[in-house]
$ cat target-v7.txt   # compact mmCIF, C-alpha atoms
# COMPACT_ATOMS: atom_id res chain seq x y z
CA MET L 14 5.43 25.07 9.93
CA GLU L 15 6.43 21.43 9.66
CA THR L 16 3.64 19.30 8.22
CA PHE L 17 3.07 15.58 7.81
CA TRP L 18 3.78 15.86 4.10
CA ASN L 19 6.95 17.86 4.70
CA GLN L 20 8.16 15.00 6.85
CA LEU L 21 7.67 12.66 3.88
CA GLY L 22 10.01 14.79 1.84
CA GLU L 23 7.60 17.00 -0.13
CA PRO L 24 9.38 20.21 -1.26
CA GLU L 25 7.97 23.27 0.50
CA GLU L 26 7.67 25.24 -2.72
CA GLN L 27 5.62 22.44 -4.29
CA LEU L 28 3.09 22.68 -1.50
CA ASP L 29 2.65 26.40 -2.18
CA GLU L 30 1.65 25.89 -5.83
CA LEU L 31 -1.78 24.46 -4.97
CA LEU L 32 -1.69 22.06 -7.89
CA TRP L 33 -5.01 20.56 -6.83
CA GLU L 34 -6.68 23.86 -7.75
CA VAL L 35 -5.04 23.85 -11.17
CA TYR L 36 -6.06 20.25 -11.78
CA HIS L 37 -9.61 20.74 -10.57
CA GLU L 38 -10.07 23.77 -12.81
CA ASN L 39 -8.61 21.97 -15.83
CA SER L 40 -10.86 18.94 -15.30
CA LYS L 41 -14.12 20.90 -15.22
CA LEU L 42 -16.69 20.33 -17.97
CA THR L 43 -17.67 23.37 -20.03
CA THR L 44 -19.66 24.04 -23.18
CA LEU L 45 -16.33 24.14 -25.03
CA ASN L 46 -15.47 20.51 -24.35
CA LYS L 47 -15.38 18.44 -27.52
CA SER L 48 -17.05 15.03 -27.56
CA VAL L 49 -15.65 11.99 -29.32
CA ALA L 50 -17.71 10.74 -32.26
CA LEU L 51 -19.44 7.41 -31.61
CA ASN L 52 -17.61 5.59 -34.42
CA GLU L 53 -14.26 6.88 -33.16
CA LEU L 54 -15.17 5.85 -29.62
CA GLN L 55 -16.11 2.34 -30.69
CA ALA L 56 -12.95 1.91 -32.76
CA LYS L 57 -10.67 3.18 -30.02
CA THR L 58 -12.39 1.07 -27.36
CA LEU L 59 -11.83 -2.09 -29.39
CA ASP L 60 -8.09 -1.30 -29.41
CA LEU L 61 -7.94 -1.00 -25.62
CA ILE L 62 -7.61 -3.96 -23.28
CA VAL L 63 -10.68 -4.54 -21.11
CA SER L 64 -8.70 -6.41 -18.44
CA GLN L 65 -4.99 -7.11 -18.24
CA ASP L 66 -4.42 -10.76 -19.13
CA TYR L 67 -0.89 -11.42 -17.79
CA ALA L 68 -0.47 -14.25 -20.27
CA GLY L 69 2.11 -16.82 -19.24
CA PHE L 70 1.50 -16.44 -15.50
CA PRO L 71 -0.25 -19.26 -13.58
CA LYS L 72 -4.01 -18.72 -13.47
CA VAL L 73 -6.58 -19.84 -10.90
CA ALA L 74 -10.24 -19.95 -11.91
CA LEU L 75 -12.66 -18.43 -9.40
CA PRO L 76 -16.06 -19.92 -8.49
CA ASP L 77 -18.78 -19.04 -11.01
CA LEU L 78 -21.18 -18.04 -8.25
CA PRO L 79 -19.60 -16.14 -5.36
CA VAL L 80 -20.83 -16.70 -1.82
CA GLN L 81 -23.80 -14.48 -0.97
CA PRO L 82 -23.53 -13.37 2.67
CA ASP L 83 -26.67 -13.72 4.77
CA ALA L 84 -26.97 -10.05 5.76
CA SER L 85 -29.06 -7.11 4.63
CA LEU L 86 -27.41 -4.17 2.90
CA TRP L 87 -28.93 -1.76 5.42
CA GLN L 88 -27.55 -3.75 8.35
CA ILE L 89 -24.08 -3.87 6.81
CA MET L 90 -24.01 -0.12 6.05
CA HIS L 91 -25.32 0.69 9.52
CA GLU L 92 -22.66 -1.46 11.21
CA ARG L 93 -19.74 -0.57 8.94
CA THR L 94 -16.62 0.58 10.78
CA THR L 95 -12.99 1.24 9.92
CA ALA L 96 -10.65 -1.09 11.75
CA ARG L 97 -7.79 0.76 13.41
CA THR L 98 -6.01 -2.53 14.01
CA VAL L 99 -6.30 -5.79 12.09
CA LEU L 100 -4.65 -9.16 12.60
CA PRO L 101 -4.30 -11.99 10.12
CA LYS L 102 -7.38 -14.16 9.82
CA LYS L 103 -7.84 -17.23 7.65
CA MET L 104 -10.17 -16.92 4.68
CA ASP L 105 -11.00 -19.22 1.77
CA VAL L 106 -11.11 -18.78 -1.99
CA ASP L 107 -14.92 -18.51 -1.95
CA ALA L 108 -14.70 -15.45 0.31
CA LEU L 109 -11.98 -13.99 -1.90
CA ALA L 110 -14.18 -14.48 -4.97
CA THR L 111 -17.04 -12.67 -3.21
CA LEU L 112 -14.79 -9.71 -2.39
CA LEU L 113 -13.41 -9.41 -5.91
CA TYR L 114 -16.81 -9.82 -7.54
CA SER L 115 -18.32 -7.21 -5.22
CA GLY L 116 -15.55 -4.79 -6.08
CA TYR L 117 -15.28 -5.12 -9.85
CA GLY L 118 -17.02 -8.25 -11.08
CA ILE L 119 -19.12 -8.48 -14.24
CA ASN L 120 -22.82 -8.62 -13.36
CA ARG L 121 -24.54 -8.29 -16.78
CA THR L 122 -23.77 -8.18 -20.47
CA ASN L 123 -23.71 -5.17 -22.75
CA ALA L 124 -25.78 -6.94 -25.42
CA ASP L 125 -28.23 -4.67 -27.24
CA THR L 126 -26.65 -1.53 -25.77
CA GLU L 127 -24.34 1.12 -27.19
CA PHE L 128 -21.80 0.54 -24.44
CA PRO L 129 -18.49 -1.15 -25.26
CA HIS L 130 -18.05 -3.60 -22.38
CA PRO L 131 -20.09 -5.87 -20.11
CA PHE L 132 -21.27 -4.03 -17.03
CA ARG L 133 -19.83 -4.47 -13.56
CA THR L 134 -20.90 -4.09 -9.95
CA VAL L 135 -19.83 -0.43 -9.85
CA PRO L 136 -20.73 2.52 -12.09
CA SER L 137 -18.10 3.59 -14.60
CA ALA L 138 -18.10 6.63 -16.88
CA GLY L 139 -18.97 5.39 -20.36
CA ALA L 140 -18.69 1.79 -19.10
CA LEU L 141 -14.97 2.01 -19.85
CA TYR L 142 -13.71 0.44 -16.57
CA PRO L 143 -10.19 1.90 -16.34
CA LEU L 144 -9.20 0.08 -13.14
CA GLU L 145 -7.34 -3.14 -12.29
CA ILE L 146 -7.21 -4.92 -8.93
CA PHE L 147 -4.13 -6.64 -7.51
CA PHE L 148 -3.76 -8.31 -4.14
CA HIS L 149 -1.09 -9.84 -1.96
CA HIS L 150 -2.06 -12.46 0.60
CA THR L 151 -0.57 -14.73 3.24
CA TYR L 152 -3.73 -16.20 4.78
CA ILE L 153 -6.05 -17.46 2.02
CA GLU L 154 -6.44 -21.19 2.44
CA GLY L 155 -5.85 -23.31 -0.64
CA LEU L 156 -4.17 -20.48 -2.54
CA GLU L 157 -0.42 -20.16 -2.93
CA ILE L 158 0.99 -17.18 -1.03
CA GLY L 159 2.01 -14.29 -3.26
CA LEU L 160 0.97 -11.33 -5.40
CA TYR L 161 -2.02 -11.77 -7.73
CA HIS L 162 -4.01 -9.90 -10.37
CA TYR L 163 -7.79 -10.19 -10.80
CA ASN L 164 -9.24 -10.54 -14.30
CA PRO L 165 -13.03 -9.98 -14.24
CA SER L 166 -13.41 -10.89 -17.91
CA MET L 167 -12.01 -14.37 -17.31
CA ASN L 168 -13.22 -14.61 -13.69
CA SER L 169 -9.74 -15.70 -12.70
CA ILE L 170 -6.66 -14.55 -10.83
CA SER L 171 -3.04 -14.71 -12.01
CA LEU L 172 -0.08 -15.40 -9.72
CA LEU L 173 2.47 -12.69 -10.55
CA GLN L 174 4.96 -13.19 -7.72
CA ARG L 175 5.32 -16.30 -5.59
CA GLY L 176 6.06 -16.14 -1.88
CA ASP L 177 5.50 -13.77 1.02
CA GLN L 178 6.25 -10.20 -0.11
CA SER L 179 5.37 -8.58 3.24
CA ARG L 180 8.88 -7.26 3.81
CA ALA L 181 8.82 -5.44 0.49
CA LEU L 182 5.33 -4.11 1.26
CA ARG L 183 6.52 -2.76 4.60
CA ASP L 184 8.33 0.02 2.74
CA VAL L 185 5.24 0.95 0.73
CA PHE L 186 2.91 2.03 3.54
CA ILE L 187 2.97 4.90 6.00
CA GLN L 188 1.70 2.30 8.50
CA PRO L 189 4.20 -0.50 7.75
CA GLU L 190 2.57 -2.89 10.23
CA LEU L 191 -0.33 -3.31 7.78
CA ALA L 192 1.95 -5.33 5.55
CA PHE L 193 2.35 -7.99 8.26
CA ASN L 194 -0.96 -7.78 10.12
CA SER L 195 -3.45 -8.13 7.25
CA SER L 196 -4.72 -11.35 5.73
CA ALA L 197 -4.67 -9.70 2.32
CA MET L 198 -3.83 -6.30 0.89
CA PHE L 199 -5.75 -5.14 -2.19
CA PHE L 200 -4.47 -2.53 -4.65
CA VAL L 201 -6.85 -0.61 -6.92
CA THR L 202 -4.92 0.80 -9.85
CA GLY L 203 -5.83 3.21 -12.64
CA TRP L 204 -5.03 2.59 -16.32
CA PHE L 205 -5.72 6.08 -17.51
CA GLU L 206 -5.72 5.85 -21.30
CA ARG L 207 -8.84 3.68 -21.13
CA ILE L 208 -10.85 6.67 -19.96
CA THR L 209 -8.89 9.84 -20.76
CA PHE L 210 -9.06 9.19 -24.52
CA LYS L 211 -12.76 9.99 -24.27
CA TYR L 212 -13.02 12.35 -21.30
CA GLY L 213 -9.61 14.04 -21.26
CA GLU L 214 -8.64 15.58 -17.92
CA ARG L 215 -12.09 14.79 -16.59
CA GLY L 216 -11.35 11.11 -17.17
CA TYR L 217 -8.70 11.15 -14.47
CA ARG L 218 -11.28 12.48 -12.03
CA PHE L 219 -13.69 9.73 -13.10
CA ALA L 220 -11.02 7.09 -12.42
CA LEU L 221 -10.57 8.35 -8.86
CA ILE L 222 -14.32 8.32 -8.25
CA GLU L 223 -14.56 4.78 -9.60
CA ALA L 224 -11.79 3.59 -7.30
CA GLY L 225 -13.88 4.83 -4.37
CA HIS L 226 -16.88 2.85 -5.60
CA VAL L 227 -14.78 -0.31 -5.82
CA VAL L 228 -13.26 -0.03 -2.37
CA GLN L 229 -16.59 0.79 -0.70
CA ASN L 230 -18.20 -2.28 -2.28
CA MET L 231 -15.33 -4.43 -1.01
CA ILE L 232 -15.57 -2.92 2.47
CA LEU L 233 -19.28 -3.77 2.69
CA ALA L 234 -18.73 -7.29 1.36
CA ALA L 235 -15.88 -7.85 3.82
CA LYS L 236 -18.10 -6.71 6.69
CA ALA L 237 -20.81 -9.14 5.60
CA LEU L 238 -18.21 -11.94 5.53
CA GLY L 239 -16.98 -11.14 9.05
CA PHE L 240 -13.74 -9.33 8.20
CA GLY L 241 -12.43 -5.93 9.20
CA THR L 242 -10.95 -3.51 6.68
CA VAL L 243 -8.65 -0.52 6.64
CA PRO L 244 -8.99 1.75 3.57
CA VAL L 245 -5.45 2.94 2.88
CA GLY L 246 -4.49 6.17 1.15
CA GLY L 247 -1.24 6.49 3.08
CA PHE L 248 1.21 4.81 0.74
CA LEU L 249 4.32 5.95 -1.11
CA ASP L 250 3.17 6.03 -4.72
CA HIS L 251 6.47 5.31 -6.44
CA ARG L 252 7.12 2.34 -4.19
CA ALA L 253 3.61 0.97 -4.66
CA ASP L 254 3.92 1.25 -8.43
CA GLU L 255 7.35 -0.37 -8.35
CA PHE L 256 5.99 -3.24 -6.25
CA LEU L 257 3.17 -3.78 -8.77
CA LYS L 258 5.51 -3.22 -11.73
CA LEU L 259 3.50 -0.26 -13.04
CA ASP L 260 5.15 2.66 -14.80
CA GLY L 261 3.39 5.22 -12.57
CA VAL L 262 2.28 7.33 -15.54
CA THR L 263 0.01 5.31 -17.83
CA ALA L 264 -0.90 3.06 -14.87
CA SER L 265 -0.59 3.79 -11.16
CA CYS L 266 -1.86 2.72 -7.74
CA LEU L 267 -4.82 4.81 -6.54
CA TYR L 268 -6.17 3.16 -3.40
CA CYS L 269 -5.43 0.20 -1.12
CA LEU L 270 -7.49 -1.92 1.24
CA ALA L 271 -6.14 -4.01 4.10
CA LEU L 272 -8.30 -6.91 5.23
CA GLY L 273 -8.11 -8.98 8.39
CA ASP L 274 -9.61 -9.63 11.80
CA ASN L 275 -11.00 -6.38 13.20
CA GLN L 276 -9.32 -5.66 16.55
CA ASP L 277 -10.47 -2.11 17.18
CA ASN L 278 -13.41 -0.22 15.66
CA ALA L 279 -13.67 3.51 15.00
$ encode --input "target-v7.txt" --output "structure tokens"
Amino acid sequence: METFWNQLGEPEEQLDELLWEVYHENSKLTTLNKSVALNELQAKTLDLIVSQDYAGFPKVALPDLPVQPDASLWQIMHERTTARTVLPKKMDVDALATLLYSGYGINRTNADTEFPHPFRTVPSAGALYPLEIFFHHTYIEGLEIGLYHYNPSMNSISLLQRGDQSRALRDVFIQPELAFNSSAMFFVTGWFERITFKYGERGYRFALIEAGHVVQNMILAAKALGFGTVPVGGFLDHRADEFLKLDGVTASCLYCLALGDNQDNA
């Protein structure tokens, strides 16, 4: 029987292999799993980058204190919806800073702890933080249109590609209209060595879980700021990685979030 994934060009025999079962079994914790010694963990962690720097690209500092929306968490969770349709809506850099901080910002230091990095607004296995956030925008006032990367350690964003890249993004998504109708499109990407060196196959599972934490935080913050969101899993992975200039193996796109004016709730 023809399926949605067949229509995207997935080989029929590949679908029959049930690779998710193989992966899930291989990523289970057992009493045979070996742990990494603390001194080895600390040494390895120091060799890994906490946040990609993108040295040489223009940087924009974000506000030290992001805007705090005047809404209760319970109210926002209760009223949260997924927008079926969004349209571009102007936003400012303060709102952008709030979204990025909510998703992956640093909220306290790791001083006097055994953990390797400052802590962030989402839980992370071993406080290793294997994710990076990129975004493309056309409607943020006071910010040059283009593709950016967020660096929580420096509380800044880097302009990686100038100009409107919506036409290129159109070929990334199963719903190509999202590329044109959103104010901004966020990309949550996994940098797997940062977590698999300690947790092995389980580390990949942890990275996926963490991506969900990030996007949910951003969804709630966007709602509090008066924006609609569309969580997007329907994208062509190779094209998304090519757009972000990731190799697709050591680093790859995991999850996307379209933001704009909510036109239709569900």
$ residues_around --input "target-v7.txt" --residues "range 200-214 of chain L" --least-positions-apart "4" --cutoff "7 Å" --atoms "all atoms listed in the file" --output "number ranges by chain"
L: 39-40, 49, 61, 141, 143-148, 220, 224, 263-270
$ residues_around --input "target-v7.txt" --residues "Thr98 in chain L" --least-positions-apart "2" --cutoff "7 Å" --atoms "all atoms listed in the file" --output "ChimeraX atom specification"
/L:96,100,275-277
$ closest_atom_pairs --input "target-v7.txt" --of "range 161-234 of chain L" --to "range 115-133 of chain L" --cutoff "6 Å" --atoms "only C-alpha atoms" --output "JSON lines"
{"residue": "L:Pro165", "atom": "CA", "partner": "L:Gly118", "partner_atom": "CA", "distance": 5.4}
{"residue": "L:Val227", "atom": "CA", "partner": "L:Gly116", "partner_atom": "CA", "distance": 4.6}
{"residue": "L:Asn230", "atom": "CA", "partner": "L:Gly116", "partner_atom": "CA", "distance": 5.3}
{"residue": "L:Met231", "atom": "CA", "partner": "L:Gly116", "partner_atom": "CA", "distance": 5.1}
$ atom_distance --input "target-v7.txt" --atom1 "CA of Gln178 in chain L" --atom2 "CA of Thr151 in chain L"
8.8 Å
$ residues_around --input "target-v7.txt" --residues "Gly247 in chain L" --least-positions-apart "4" --cutoff "8 Å" --atoms "only C-alpha atoms" --output "list in words"
Phe186, Ile187 and Gln188 of chain L
$ residues_around --input "target-v7.txt" --residues "range 171-177 of chain L" --least-positions-apart "2" --cutoff "8 Å" --atoms "all atoms listed in the file" --output "number ranges by chain"
L: 67, 70-73, 150-151, 157-164, 169, 179-180
$ closest_residue --input "target-v7.txt" --among "L:Ala181, L:Val245, L:Ala253, L:Leu78" --to "Leu109 in chain L" --atoms "only C-alpha atoms"
L:Leu78
$ atom_distance --input "target-v7.txt" --atom1 "CA of Asp184 in chain L" --atom2 "CA of Tyr36 in chain L"
28.8 Å
$ residues_around --input "target-v7.txt" --residues "Pro136 in chain L" --least-positions-apart "3" --cutoff "8 Å" --atoms "only C-alpha atoms" --output "PyMOL selection string"
chain L and resi 133+140+223+226
$ closest_residue --input "target-v7.txt" --among "L:Val106, L:Arg183, L:Ala234, L:Ser195" --to "Asp83 in chain L" --atoms "all atoms listed in the file"
L:Ala234
$ closest_residue --input "target-v7.txt" --among "L:Leu42, L:Ala68, L:Ile62, L:Leu32" --to "Arg215 in chain L" --atoms "only C-alpha atoms"
L:Leu42
$ atom_distance --input "target-v7.txt" --atom1 "CA of Arg93 in chain L" --atom2 "CA of Gly225 in chain L"
15.5 Å
$ closest_residue --input "target-v7.txt" --among "L:Glu92, L:Glu154, L:Asp254, L:Asp66" --to "Gly239 in chain L" --atoms "only C-alpha atoms"
L:Glu92
$ residues_near_point --input "target-v7.txt" --point "(-16.0, 0.3, 4.9)" --cutoff "8 Å" --atoms "all atoms listed in the file" --output "list in words"
Arg93, Thr94, Thr95, Val228, Gln229, Asn230, Met231, Ile232, Leu233, Lys236, Thr242, Val243 and Pro244 of chain L
$ build_atoms --input "target-v7.txt" --residues "range 64-77 of chain L" --atoms "N, CA and C atoms" --output "PDB file, in the coordinates of the input"
ATOM      1  N   SER L  64      -9.362  -5.983 -19.669  1.00  0.00           N
ATOM      2  CA  SER L  64      -8.700  -6.410 -18.440  1.00  0.00           C
ATOM      3  C   SER L  64      -7.310  -6.925 -18.805  1.00  0.00           C
ATOM      4  N   GLN L  65      -6.328  -6.590 -18.003  1.00  0.00           N
ATOM      5  CA  GLN L  65      -4.990  -7.110 -18.240  1.00  0.00           C
ATOM      6  C   GLN L  65      -5.010  -8.639 -18.137  1.00  0.00           C
ATOM      7  N   ASP L  66      -4.367  -9.302 -19.075  1.00  0.00           N
ATOM      8  CA  ASP L  66      -4.420 -10.760 -19.130  1.00  0.00           C
ATOM      9  C   ASP L  66      -3.274 -11.429 -18.389  1.00  0.00           C
ATOM     10  N   TYR L  67      -2.081 -10.823 -18.391  1.00  0.00           N
ATOM     11  CA  TYR L  67      -0.890 -11.420 -17.790  1.00  0.00           C
ATOM     12  C   TYR L  67      -0.692 -12.841 -18.298  1.00  0.00           C
ATOM     13  N   ALA L  68      -0.665 -12.952 -19.623  1.00  0.00           N
ATOM     14  CA  ALA L  68      -0.470 -14.250 -20.270  1.00  0.00           C
ATOM     15  C   ALA L  68       0.874 -14.838 -19.843  1.00  0.00           C
ATOM     16  N   GLY L  69       0.880 -16.130 -19.627  1.00  0.00           N
ATOM     17  CA  GLY L  69       2.110 -16.820 -19.240  1.00  0.00           C
ATOM     18  C   GLY L  69       2.259 -17.004 -17.745  1.00  0.00           C
ATOM     19  N   PHE L  70       1.463 -16.279 -16.951  1.00  0.00           N
ATOM     20  CA  PHE L  70       1.500 -16.440 -15.500  1.00  0.00           C
ATOM     21  C   PHE L  70       0.446 -17.481 -15.090  1.00  0.00           C
ATOM     22  N   PRO L  71       0.720 -18.249 -14.029  1.00  0.00           N
ATOM     23  CA  PRO L  71      -0.250 -19.260 -13.580  1.00  0.00           C
ATOM     24  C   PRO L  71      -1.587 -18.620 -13.231  1.00  0.00           C
ATOM     25  N   LYS L  72      -2.671 -19.239 -13.701  1.00  0.00           N
ATOM     26  CA  LYS L  72      -4.010 -18.720 -13.470  1.00  0.00           C
ATOM     27  C   LYS L  72      -4.813 -19.665 -12.581  1.00  0.00           C
ATOM     28  N   VAL L  73      -5.672 -19.076 -11.765  1.00  0.00           N
ATOM     29  CA  VAL L  73      -6.580 -19.840 -10.900  1.00  0.00           C
ATOM     30  C   VAL L  73      -7.993 -19.369 -11.216  1.00  0.00           C
ATOM     31  N   ALA L  74      -8.849 -20.290 -11.628  1.00  0.00           N
ATOM     32  CA  ALA L  74     -10.240 -19.950 -11.910  1.00  0.00           C
ATOM     33  C   ALA L  74     -10.981 -19.726 -10.591  1.00  0.00           C
ATOM     34  N   LEU L  75     -11.844 -18.716 -10.571  1.00  0.00           N
ATOM     35  CA  LEU L  75     -12.660 -18.430  -9.400  1.00  0.00           C
ATOM     36  C   LEU L  75     -14.031 -19.084  -9.540  1.00  0.00           C
ATOM     37  N   PRO L  76     -14.715 -19.330  -8.428  1.00  0.00           N
ATOM     38  CA  PRO L  76     -16.060 -19.920  -8.490  1.00  0.00           C
ATOM     39  C   PRO L  76     -16.993 -19.081  -9.347  1.00  0.00           C
ATOM     40  N   ASP L  77     -17.846 -19.754 -10.141  1.00  0.00           N
ATOM     41  CA  ASP L  77     -18.780 -19.040 -11.010  1.00  0.00           C
ATOM     42  C   ASP L  77     -19.762 -18.189 -10.207  1.00  0.00           C
TER      43      ASP L  77
END
